[in-house]
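Asker: For reference, this is protein07.csv, and it has CSV, C-alpha atoms and all ligand atoms.
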chain,number,residue,atom,x,y,z
A,1126,MET,CA,14.2,-2.6,25.5
A,1127,ASN,CA,17.4,-3.3,23.5
A,1128,ASN,CA,20.0,-0.7,22.8
A,1129,THR,CA,19.1,-0.2,19.2
A,1130,VAL,CA,15.5,0.6,20.0
A,1131,GLN,CA,16.5,2.9,22.8
A,1132,GLU,CA,18.9,4.8,20.5
A,1133,ILE,CA,16.2,5.0,17.8
A,1134,ASN,CA,13.8,6.5,20.3
A,1135,ARG,CA,16.4,9.0,21.6
A,1136,LEU,CA,17.3,10.1,18.1
A,1137,LYS,CA,13.7,10.3,17.0
A,1138,GLU,CA,12.8,12.6,19.9
A,1139,GLY,CA,15.9,14.8,19.4
A,1140,LEU,CA,15.1,15.2,15.7
A,1141,GLY,CA,11.4,15.7,16.1
A,1142,ALA,CA,10.9,12.8,13.7
A,1143,ILE,CA,7.9,10.5,13.2
A,1144,ILE,CA,8.3,6.9,12.0
A,1145,LEU,CA,5.7,5.5,9.7
A,1146,ALA,CA,5.6,1.8,8.9
A,1147,HIS,CA,3.6,-0.3,6.4
A,1148,ASN,CA,1.6,-3.3,7.6
A,1149,TYR,CA,4.1,-5.6,5.8
A,1150,GLN,CA,7.1,-4.3,7.7
A,1151,PRO,CA,9.0,-6.7,10.0
A,1152,PRO,CA,7.5,-6.9,13.6
A,1153,GLU,CA,10.4,-5.1,15.3
A,1154,VAL,CA,10.1,-2.2,12.8
A,1155,GLN,CA,6.3,-2.0,13.4
A,1156,ASP,CA,7.0,-1.9,17.1
A,1157,VAL,CA,9.2,1.2,17.0
A,1158,ALA,CA,6.9,3.0,14.6
A,1159,ASP,CA,4.6,5.9,15.7
A,1160,PHE,CA,2.0,4.7,13.2
A,1161,VAL,CA,1.5,1.4,11.3
A,1162,GLY,CA,-1.0,1.2,8.4
A,1163,ASP,CA,-1.7,0.5,4.8
A,1164,SER,CA,-1.0,2.8,1.9
A,1165,LEU,CA,-4.2,4.9,2.3
A,1166,GLU,CA,-3.8,5.2,6.1
A,1167,LEU,CA,-0.1,6.1,5.8
A,1168,SER,CA,-0.8,8.7,3.0
A,1169,ILE,CA,-3.4,10.4,5.2
A,1170,LYS,CA,-1.0,10.4,8.2
A,1171,ALA,CA,1.8,11.8,6.0
A,1172,MET,CA,-0.5,14.6,4.9
A,1173,GLN,CA,-1.5,15.5,8.4
A,1174,ILE,CA,1.8,15.2,10.2
A,1175,ASP,CA,3.6,18.3,11.2
A,1176,ALA,CA,7.2,17.0,11.9
A,1177,ARG,CA,10.6,18.0,10.8
A,1178,PHE,CA,11.4,14.5,9.6
A,1179,ILE,CA,9.2,11.6,8.5
A,1180,VAL,CA,11.1,8.3,8.4
A,1181,PHE,CA,9.1,6.0,6.0
A,1182,CYS,CA,9.5,2.3,6.6
A,1183,GLY,CA,8.1,0.7,3.5
A,1184,VAL,CA,9.1,0.5,-0.2
A,1185,ASP,CA,10.2,3.3,-2.5
A,1186,PHE,CA,6.9,4.5,-4.0
A,1187,MET,CA,5.5,4.9,-0.4
A,1188,ALA,CA,8.4,7.2,0.7
A,1189,GLU,CA,8.1,9.1,-2.6
A,1190,GLN,CA,4.3,9.5,-2.0
A,1191,ALA,CA,5.0,11.0,1.4
A,1192,ALA,CA,7.4,13.5,-0.2
A,1193,VAL,CA,4.7,14.5,-2.7
A,1194,ILE,CA,2.0,15.1,-0.2
A,1195,ASN,CA,4.0,16.6,2.7
A,1196,GLU,CA,6.3,19.3,1.4
A,1197,GLY,CA,7.0,20.7,4.8
A,1198,SER,CA,8.8,17.6,6.2
A,1199,VAL,CA,12.0,16.0,5.2
A,1200,ILE,CA,11.2,12.4,4.1
A,1201,LEU,CA,13.8,9.7,4.9
A,1202,HIS,CA,13.7,6.2,3.5
A,1203,PRO,CA,16.1,3.9,5.4
A,1204,ASP,CA,16.9,1.7,2.4
A,1205,PRO,CA,16.5,3.1,-1.1
A,1206,GLU,CA,17.0,-0.5,-2.4
A,1207,ALA,CA,13.6,-1.5,-0.9
A,1208,LYS,CA,11.7,-1.1,-4.2
A,1209,CYS,CA,8.3,-2.5,-5.1
A,1210,PRO,CA,8.7,-4.8,-8.1
A,1211,MET,CA,5.2,-4.1,-9.3
A,1212,ALA,CA,5.7,-0.4,-9.3
A,1213,SER,CA,8.7,-0.8,-11.6
A,1214,MET,CA,6.6,-2.7,-14.2
A,1215,ILE,CA,4.7,0.5,-15.4
A,1216,SER,CA,6.2,3.4,-17.3
A,1217,VAL,CA,5.1,6.9,-18.4
A,1218,GLU,CA,5.1,5.6,-22.0
A,1219,ASP,CA,2.7,2.9,-21.1
A,1220,ILE,CA,0.2,5.5,-19.9
A,1221,ARG,CA,0.7,7.8,-22.9
A,1222,ARG,CA,0.3,5.0,-25.4
A,1223,ALA,CA,-2.9,3.8,-23.6
A,1224,ARG,CA,-4.3,7.4,-23.7
A,1225,GLU,CA,-3.7,7.6,-27.4
A,1226,ARG,CA,-5.6,4.3,-28.0
A,1227,HIS,CA,-8.5,5.3,-25.6
A,1228,PRO,CA,-8.5,9.1,-25.6
A,1229,LYS,CA,-11.9,9.4,-23.8
A,1230,ALA,CA,-11.1,7.0,-20.9
A,1231,PRO,CA,-9.8,8.6,-17.7
A,1232,VAL,CA,-6.6,7.3,-16.2
A,1233,VAL,CA,-6.8,5.8,-12.7
A,1234,ILE,CA,-3.4,4.9,-11.2
A,1235,TYR,CA,-2.8,2.7,-8.2
A,1236,VAL,CA,-0.6,4.3,-5.6
A,1237,ASN,CA,1.9,1.5,-6.1
A,1238,SER,CA,3.5,3.3,-8.9
A,1239,PRO,CA,6.4,5.7,-9.4
A,1240,ALA,CA,5.5,9.5,-8.9
A,1241,VAL,CA,6.3,10.2,-12.6
A,1242,VAL,CA,3.6,7.7,-13.6
A,1243,LYS,CA,1.1,9.0,-11.1
A,1244,ALA,CA,1.8,12.5,-12.5
A,1245,GLU,CA,0.1,11.2,-15.8
A,1246,ALA,CA,-3.0,10.2,-14.0
A,1247,ASP,CA,-6.4,11.8,-13.6
A,1248,TYR,CA,-7.0,9.9,-10.3
A,1249,VAL,CA,-4.6,8.2,-7.8
A,1250,VAL,CA,-6.1,5.4,-5.7
A,1251,THR,CA,-5.3,2.8,-3.1
A,1252,SER,CA,-6.7,-0.7,-2.8
A,1253,ALA,CA,-8.9,0.7,-0.1
A,1254,ASN,CA,-10.7,3.3,-2.2
A,1255,ALA,CA,-10.2,2.1,-5.8
A,1256,VAL,CA,-13.7,0.6,-6.2
A,1257,ASP,CA,-15.4,3.7,-4.8
A,1258,VAL,CA,-13.4,6.1,-6.9
A,1259,VAL,CA,-14.1,4.2,-10.2
A,1260,SER,CA,-17.8,3.9,-9.2
A,1261,ASN,CA,-18.0,7.6,-8.9
A,1262,ILE,CA,-16.2,8.5,-12.1
A,1263,SER,CA,-18.8,9.3,-14.8
A,1264,SER,CA,-17.1,7.4,-17.6
A,1265,ASP,CA,-18.0,3.7,-18.2
A,1266,THR,CA,-14.5,2.9,-19.3
A,1267,VAL,CA,-11.3,3.6,-17.4
A,1268,LEU,CA,-7.6,2.9,-17.9
A,1269,PHE,CA,-6.1,1.4,-14.7
A,1270,GLY,CA,-2.5,0.5,-13.9
A,1271,PRO,CA,-0.4,-1.2,-12.9
A,1272,ASP,CA,-2.0,-4.2,-11.2
A,1273,ARG,CA,-4.2,-6.2,-13.6
A,1274,HIS,CA,-5.7,-8.3,-10.8
A,1275,LEU,CA,-6.9,-5.2,-9.0
A,1276,ALA,CA,-8.2,-3.9,-12.4
A,1277,GLU,CA,-10.2,-7.1,-12.8
A,1278,TYR,CA,-11.6,-6.8,-9.2
A,1279,ILE,CA,-12.6,-3.1,-9.8
A,1280,ALA,CA,-14.4,-4.1,-13.1
A,1281,LYS,CA,-16.3,-6.9,-11.3
A,1282,LYS,CA,-17.3,-4.6,-8.4
A,1283,THR,CA,-18.3,-1.6,-10.5
A,1284,GLY,CA,-19.6,-3.2,-13.7
A,1285,LYS,CA,-17.4,-0.9,-15.7
A,1286,ILE,CA,-14.8,-1.6,-18.4
A,1287,VAL,CA,-11.4,-1.4,-16.7
A,1288,ILE,CA,-8.6,-1.7,-19.2
A,1289,PRO,CA,-5.3,-2.8,-17.5
A,1290,VAL,CA,-2.2,-0.7,-18.3
A,1291,PRO,CA,0.2,-2.4,-19.1
A,1292,GLU,CA,-1.7,-5.6,-20.0
A,1293,ASP,CA,0.0,-8.0,-17.6
A,1294,CYS,CA,1.4,-6.4,-14.5
A,1295,TYR,CA,1.0,-8.0,-11.1
A,1296,CYS,CA,2.3,-8.1,-7.5
A,1297,PRO,CA,4.7,-11.0,-7.4
A,1298,VAL,CA,3.7,-11.7,-3.7
A,1299,HIS,CA,0.0,-11.9,-4.2
A,1300,VAL,CA,0.2,-14.1,-7.3
A,1301,LYS,CA,1.8,-16.8,-5.0
A,1302,PHE,CA,-1.6,-17.7,-3.6
A,1303,ASN,CA,-2.8,-20.7,-5.4
A,1304,PRO,CA,-6.5,-21.7,-5.6
A,1305,ASN,CA,-5.8,-25.4,-5.3
A,1306,GLU,CA,-3.8,-24.9,-2.1
A,1307,ILE,CA,-6.5,-22.6,-0.7
A,1308,LYS,CA,-9.1,-25.3,-1.3
A,1309,VAL,CA,-6.9,-27.8,0.6
A,1310,LEU,CA,-6.4,-25.3,3.4
A,1311,LYS,CA,-10.1,-24.5,3.6
A,1312,SER,CA,-10.8,-28.2,3.9
A,1313,ILE,CA,-8.3,-28.4,6.8
A,1314,TYR,CA,-9.3,-25.2,8.5
A,1315,LYS,CA,-13.0,-25.6,8.1
A,1316,ASP,CA,-14.0,-23.1,10.8
A,1317,HIS,CA,-11.7,-20.3,9.4
A,1318,VAL,CA,-12.9,-17.3,7.4
A,1319,PHE,CA,-10.8,-16.8,4.3
A,1320,ILE,CA,-9.9,-13.1,3.7
A,1321,ALA,CA,-8.0,-12.0,0.6
A,1322,HIS,CA,-6.4,-8.9,-0.9
A,1323,PRO,CA,-7.7,-7.6,-4.2
A,1324,GLU,CA,-4.2,-8.0,-5.7
A,1325,CYS,CA,-4.8,-11.8,-5.6
A,1326,PRO,CA,-5.8,-13.5,-8.8
A,1327,ALA,CA,-9.6,-13.8,-9.5
A,1328,SER,CA,-9.4,-17.6,-8.9
A,1329,VAL,CA,-8.2,-17.0,-5.4
A,1330,ARG,CA,-10.6,-14.1,-4.7
A,1331,ALA,CA,-13.5,-16.3,-5.8
A,1332,LEU,CA,-12.8,-18.5,-2.8
A,1333,ALA,CA,-12.7,-15.7,-0.3
A,1334,ASP,CA,-15.3,-14.8,2.3
A,1335,PHE,CA,-14.1,-11.2,2.3
A,1336,VAL,CA,-11.9,-9.2,-0.1
A,1337,GLY,CA,-10.3,-5.9,0.9
A,1338,SER,CA,-7.2,-3.9,1.5
A,1339,THR,CA,-5.2,-4.6,4.6
A,1340,SER,CA,-6.9,-1.9,6.6
A,1341,GLN,CA,-10.3,-3.2,5.5
A,1342,MET,CA,-9.2,-6.7,6.5
A,1343,ILE,CA,-8.4,-5.5,10.0
A,1344,LYS,CA,-11.7,-3.7,10.3
A,1345,PHE,CA,-13.5,-6.8,9.1
A,1346,VAL,CA,-11.7,-9.2,11.5
A,1347,LYS,CA,-12.5,-6.9,14.4
A,1348,SER,CA,-16.2,-6.8,13.6
A,1349,CYS,CA,-16.5,-10.5,12.5
A,1350,PRO,CA,-18.1,-12.8,15.1
A,1351,ASN,CA,-15.8,-15.6,13.8
A,1352,THR,CA,-12.5,-15.9,15.7
A,1353,ARG,CA,-10.4,-17.8,13.2
A,1354,PHE,CA,-9.1,-16.5,9.9
A,1355,LEU,CA,-7.1,-17.7,6.9
A,1356,VAL,CA,-5.1,-14.7,5.6
A,1357,GLY,CA,-4.6,-14.1,1.9
A,1358,THR,CA,-2.1,-11.3,1.9
A,1359,GLU,CA,1.6,-10.7,2.8
A,1360,VAL,CA,2.3,-12.4,6.1
A,1361,GLY,CA,3.5,-9.3,7.8
A,1362,ILE,CA,-0.1,-8.2,8.4
A,1363,ILE,CA,-0.6,-11.1,10.8
A,1364,TYR,CA,1.7,-9.5,13.4
A,1365,ARG,CA,-0.6,-6.4,13.5
A,1366,MET,CA,-3.7,-8.5,13.4
A,1367,VAL,CA,-2.6,-10.5,16.5
A,1368,LYS,CA,-1.7,-7.3,18.3
A,1369,GLU,CA,-5.0,-5.5,17.6
A,1370,CYS,CA,-7.5,-8.3,17.4
A,1371,VAL,CA,-7.3,-9.9,20.8
A,1372,GLY,CA,-8.8,-13.4,21.1
A,1373,LYS,CA,-8.6,-14.1,17.3
A,1374,SER,CA,-6.2,-16.4,15.5
A,1375,PHE,CA,-4.7,-16.4,12.1
A,1376,VAL,CA,-3.2,-18.8,9.6
A,1377,PRO,CA,-1.3,-17.6,6.5
A,1378,ALA,CA,-2.9,-18.8,3.3
A,1379,SER,CA,0.7,-19.1,1.9
A,1380,THR,CA,3.8,-19.0,4.0
A,1381,SER,CA,5.8,-17.9,0.9
A,1382,ALA,CA,3.8,-14.7,0.5
A,1383,ILE,CA,6.6,-12.6,1.8
A,1384,CYS,CA,7.6,-9.3,0.2
A,1385,GLU,CA,11.4,-9.4,0.3
A,1386,ASP,CA,11.6,-5.7,-0.4
A,1387,MET,CA,9.4,-4.8,2.5
A,1388,LYS,CA,11.7,-6.8,4.8
A,1389,LYS,CA,14.8,-4.9,3.6
A,1390,ILE,CA,14.1,-2.3,6.3
A,1391,THR,CA,15.8,-3.3,9.5
A,1392,LEU,CA,16.2,-1.6,12.9
A,1393,GLU,CA,19.9,-1.0,12.1
A,1394,LYS,CA,19.0,0.7,8.9
A,1395,LEU,CA,16.4,2.7,10.7
A,1396,LEU,CA,18.9,3.8,13.3
A,1397,GLN,CA,21.4,4.8,10.6
A,1398,SER,CA,18.7,6.7,8.8
A,1399,LEU,CA,17.9,8.8,11.9
A,1400,ARG,CA,21.6,9.2,12.9
A,1401,ASN,CA,22.8,10.3,9.5
A,1402,LYS,CA,19.5,11.7,8.0
A,1403,LEU,CA,19.5,9.0,5.3
A,1404,TYR,CA,18.2,8.7,2.6
A,1405,ARG,CA,16.4,11.9,1.7
A,1406,VAL,CA,13.6,11.4,-0.8
A,1407,GLU,CA,12.9,14.2,-3.2
A,1408,VAL,CA,10.4,14.5,-6.0
A,1409,ASP,CA,10.6,16.9,-8.9
A,1410,LYS,CA,8.3,19.9,-8.1
A,1411,GLU,CA,6.4,19.8,-11.4
A,1412,VAL,CA,5.8,16.0,-10.9
A,1413,ALA,CA,4.6,16.6,-7.3
A,1414,ILE,CA,2.1,19.3,-8.4
A,1415,LYS,CA,0.6,16.9,-11.0
A,1416,VAL,CA,0.3,14.1,-8.5
A,1417,ARG,CA,-1.3,16.3,-5.9
A,1418,LYS,CA,-3.8,17.5,-8.6
A,1419,ALA,CA,-4.7,13.8,-9.3
A,1420,LEU,CA,-5.1,13.2,-5.6
A,1421,LYS,CA,-7.4,16.2,-5.2
A,1422,ASN,CA,-9.5,14.8,-8.1
A,1423,THR,CA,-9.7,11.6,-6.1
A,1424,PHE,CA,-10.9,13.3,-3.0
A,1425,ASP,CA,-13.3,15.4,-5.0
A,1426,VAL,CA,-14.9,12.5,-6.8
A,1427,LEU,CA,-15.3,10.7,-3.4
A,1428,GLY,CA,-16.9,13.9,-2.0
A,1429,VAL,CA,-14.6,13.9,1.0
A,1430,GLU,CA,-12.5,16.7,2.4
A,1431,SER,CA,-8.9,16.5,1.5
A,1432,PRO,CA,-6.8,15.5,4.6
A,1433,TRP,CA,-4.5,18.5,3.7
A,1434,SER,CA,-7.3,20.9,4.7
A,1435,LYS,CA,-7.4,19.3,8.2
A,1436,LYS,CA,-3.7,20.1,8.9
A,1501,LIG,S1,3.6,-6.7,-1.6
A,1501,LIG,FE1,3.6,-6.5,-3.8
A,1501,LIG,S2,2.7,-4.5,-4.3
A,1501,LIG,FE2,3.3,-4.6,-2.1
A,1501,LIG,S3,5.4,-3.7,-2.1
A,1501,LIG,FE3,5.6,-6.0,-2.2
A,1501,LIG,S4,5.7,-6.4,-4.4
A,1501,LIG,FE4,5.0,-4.3,-4.2
Any chance you could give the structure as structure tokens?
Answerer:
Amino acid sequence: MNNTVQEINRLKEGLGAIILAHNYQPPEVQDVADFVGDSLELSIKAMQIDARFIVFCGVDFMAEQAAVINEGSVILHPDPEAKCPMASMISVEDIRRARERHPKAPVVIYVNSPAVVKAEADYVVTSANAVDVVSNISSDTVLFGPDRHLAEYIAKKTGKIVIPVPEDCYCPVHVKFNPNEIKVLKSIYKDHVFIAHPECPASVRALADFVGSTSQMIKFVKSCPNTRFLVGTEVGIIYRMVKECVGKSFVPASTSAICEDMKKITLEKLLQSLRNKLYRVEVDKEVAIKVRKALKNTFDVLGVESPWSKK
């Protein structure tokens, strides 16, 4: 174990801190984390954790989300410059304008958004539960932001009218997957099962054998009798897949599908974060109350107990 990792572990124990890392984090950061997961898994963990400090290794909206749902812990984000470009494409004004145009349509907001935007929502979802939530909402038309590809996917799966807000917002990493390249890869890797994230464009999803969030992909890979997979999401997930899915092999469907912001978190920044209690994430109280209300609506419509009540 190198000195940085030893020091991270020592400081973590001394502070009573828990390290959470997203599936797209660099391998060495995943390795020192107490828990690695996708947005839904990490949100649930953040709700349940009883720790003085949570160090969130991911992008800005994820650390902010942890601060919204766990008021009892201090949330630290090792690099505030690690910002999701998609989350910055949607504003409060976008939601308010859309509500004026479609006053009867409930607003469903993807967790990949700033807290002030989620505070405008009726429901807050992740890619793992978005389809179920929209299916269970009584309205046939919903407003959904910010990812228009995920909006299209939800519309296809639910048969409902899903209006994207704003009109053309996307994840710059998942739009790198190209259907023509996928066709070539599929012809080379004939025995591979192609799995894709719902943030990929429809032309890419149409070629997939399975579409799901990163946690759903891992579940699928574990239960699938096939042992070879072509992976259509950010390449960082492959590290976790190799670790957890013994005997299975993975080929990235695009080697350029790298989220540079996710990779801004390094072991050195994590060490400084623990050593100097940097950078503390705080969310306005009124905003946090509104986001928690939207999350409660989400759990209610799914008919599941809120993870808060299991603390
Ligand atoms: S992969 Fe896409 S949605 Fe996820 S943090 Fe990076 S830019 Fe944002």
Asker: Find the residue from A:Ser1379, A:Ser1398, A:Ser1164, A:Ser1263 that sits nearest to ligand LIG 1501 (chain A); use all atoms listed in the file when measuring.
Answerer: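 Answer, going by the shortest atom-to-atom distance: A:Ser1164.
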Asker: Adding 3 Å on each side of the box along x, y and z that holds all listed atoms of ligand LIG 1501 (chain A), could you give its centre and edge lengths in Å to one decimal, as lines of an AutoDock Vina configuration file?
Answerer:
center_x = 4.2
center_y = -5.2
center_z = -3.0
size_x = 9.0
size_y = 9.0
size_z = 8.8
Asker: Atom CA of Val1416 of chain A to atom CA of Ala1246 of chain A: how many Å, to one decimal?
Answerer: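 Value for the atom CA of Val1416 of chain A-atom CA of Ala1246 of chain A distance: 7.5 Å.
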Asker: Using only C-alpha atoms and all ligand atoms, I'd like a table of the residues in chain A that come within 8 Å of ligand LIG 1501 (chain A); for each, show the closest atom pair and its distance in Å rounded to one decimal, ordered by chain and ascending number, as a tab-separated table.
Answerer:
residue	atom	partner	partner_atom	distance
A:Tyr1149	CA	A:LIG1501	S1	7.5
A:Gly1183	CA	A:LIG1501	S3	7.6
A:Val1184	CA	A:LIG1501	S3	5.9
A:Lys1208	CA	A:LIG1501	S3	7.1
A:Cys1209	CA	A:LIG1501	FE4	3.9
A:Pro1210	CA	A:LIG1501	S4	5.0
A:Met1211	CA	A:LIG1501	FE4	5.1
A:Ala1212	CA	A:LIG1501	FE4	6.5
A:Asn1237	CA	A:LIG1501	S2	6.3
A:Tyr1295	CA	A:LIG1501	S2	7.8
A:Cys1296	CA	A:LIG1501	FE1	4.2
A:Pro1297	CA	A:LIG1501	S4	5.6
A:Val1298	CA	A:LIG1501	FE1	5.2
A:His1299	CA	A:LIG1501	FE1	6.5
A:Glu1324	CA	A:LIG1501	S2	7.9
A:Glu1359	CA	A:LIG1501	S1	6.3
A:Ile1383	CA	A:LIG1501	S1	7.4
A:Cys1384	CA	A:LIG1501	FE3	4.5
A:Glu1385	CA	A:LIG1501	FE3	7.2
A:Asp1386	CA	A:LIG1501	FE3	6.3
A:Met1387	CA	A:LIG1501	FE3	6.2
Asker: When you count only C-alpha atoms, which of these residues is closest to Asp1316 of chain A: A:Gly1428, A:Gly1141, A:Pro1231, A:Pro1350?
Answerer: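 Checking each candidate against Asp1316 of chain A, we get A:Pro1350 as the closest.
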Asker: Counting all atoms listed in the file, find the residues whose atoms lie at most 10 Å from (16.6, 11.5, 15.3) (file coordinates) and write them out as an MDAnalysis selection string.
Answerer: chainID A and resid 1132:1143 1177:1178 1180 1395:1402
Asker: When distances are computed from only C-alpha atoms, which of A:Ile1179, A:Val1232, A:Leu1165, A:Leu1201 shows the smallest separation from Thr1266 of chain A?
Answerer: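 Under the stated criterion, the closest residue is A:Val1232.
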Asker: Check the smallest atom-to-atom distance from each of A:Cys1325, A:Val1318, A:Ala1382, A:Ala1276 to Leu1355 of chain A using only C-alpha atoms, then report the winner.
Answerer: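 Using only C-alpha atoms, the shortest distance to Leu1355 of chain A belongs to A:Val1318.
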Asker: Report, in Å with one decimal, the straight-line distance from atom CA of His1317 of chain A to atom CA of Gly1337 of chain A.
Answerer: 16.8 Å
Asker: Can you work out the spacing between atom CA of Asp1163 of chain A and atom CA of Ala1223 of chain A in Å, to one decimal?
Answerer: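 Atom CA of Ala1223 of chain A lies at a distance of 28.6 Å from atom CA of Asp1163 of chain A.
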Asker: Anything within 10 Å of (5.6, 12.6, -9.6): list those residues as a PDB file with C-alpha atoms, in the frame of the given file, counting only C-alpha atoms and sticking to the file's coordinates.
Answerer:
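So result32.pdb came out as:
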ATOM      1  CA  PHE A1186       6.900   4.500  -4.000  1.00  0.00           C
ATOM      2  CA  GLU A1189       8.100   9.100  -2.600  1.00  0.00           C
ATOM      3  CA  GLN A1190       4.300   9.500  -2.000  1.00  0.00           C
ATOM      4  CA  ALA A1192       7.400  13.500  -0.200  1.00  0.00           C
ATOM      5  CA  VAL A1193       4.700  14.500  -2.700  1.00  0.00           C
ATOM      6  CA  SER A1238       3.500   3.300  -8.900  1.00  0.00           C
ATOM      7  CA  PRO A1239       6.400   5.700  -9.400  1.00  0.00           C
ATOM      8  CA  ALA A1240       5.500   9.500  -8.900  1.00  0.00           C
ATOM      9  CA  VAL A1241       6.300  10.200 -12.600  1.00  0.00           C
ATOM     10  CA  VAL A1242       3.600   7.700 -13.600  1.00  0.00           C
ATOM     11  CA  LYS A1243       1.100   9.000 -11.100  1.00  0.00           C
ATOM     12  CA  ALA A1244       1.800  12.500 -12.500  1.00  0.00           C
ATOM     13  CA  GLU A1245       0.100  11.200 -15.800  1.00  0.00           C
ATOM     14  CA  ALA A1246      -3.000  10.200 -14.000  1.00  0.00           C
ATOM     15  CA  GLU A1407      12.900  14.200  -3.200  1.00  0.00           C
ATOM     16  CA  VAL A1408      10.400  14.500  -6.000  1.00  0.00           C
ATOM     17  CA  ASP A1409      10.600  16.900  -8.900  1.00  0.00           C
ATOM     18  CA  LYS A1410       8.300  19.900  -8.100  1.00  0.00           C
ATOM     19  CA  GLU A1411       6.400  19.800 -11.400  1.00  0.00           C
ATOM     20  CA  VAL A1412       5.800  16.000 -10.900  1.00  0.00           C
ATOM     21  CA  ALA A1413       4.600  16.600  -7.300  1.00  0.00           C
ATOM     22  CA  ILE A1414       2.100  19.300  -8.400  1.00  0.00           C
ATOM     23  CA  LYS A1415       0.600  16.900 -11.000  1.00  0.00           C
ATOM     24  CA  VAL A1416       0.300  14.100  -8.500  1.00  0.00           C
ATOM     25  CA  ARG A1417      -1.300  16.300  -5.900  1.00  0.00           C
TER      26      ARG A1417
END
Asker: Nearest residue to Val1429 of chain A out of A:Val1258, A:Val1154, A:Ile1220, A:Ser1252, using only C-alpha atoms?
Answerer: A:Val1258
Asker: Would you please work out which residue, of A:Leu1403, A:Ala1331, A:Ala1419, A:Leu1392, is nearest to Val1130 of chain A when using all atoms listed in the file?
Answerer: A:Leu1392
Asker: Give me the residues near segment 1312-1314 of chain A as an NGL selection string, where near means some atom within 12 Å (using only C-alpha atoms) and where sequence neighbours in that chain fewer than 4 positions away do not count.
Answerer: :A and (1305-1308 or 1318-1319 or 1332 or 1353-1356 or 1374-1378)
Asker: Compile the contact shell of Ala1158 of chain A as an MDAnalysis selection string: residues with an atom at most 10 Å away, counting all atoms listed in the file, same-chain residues fewer than 6 positions apart removed.
Answerer: chainID A and resid 1134 1143:1147 1152 1180:1182
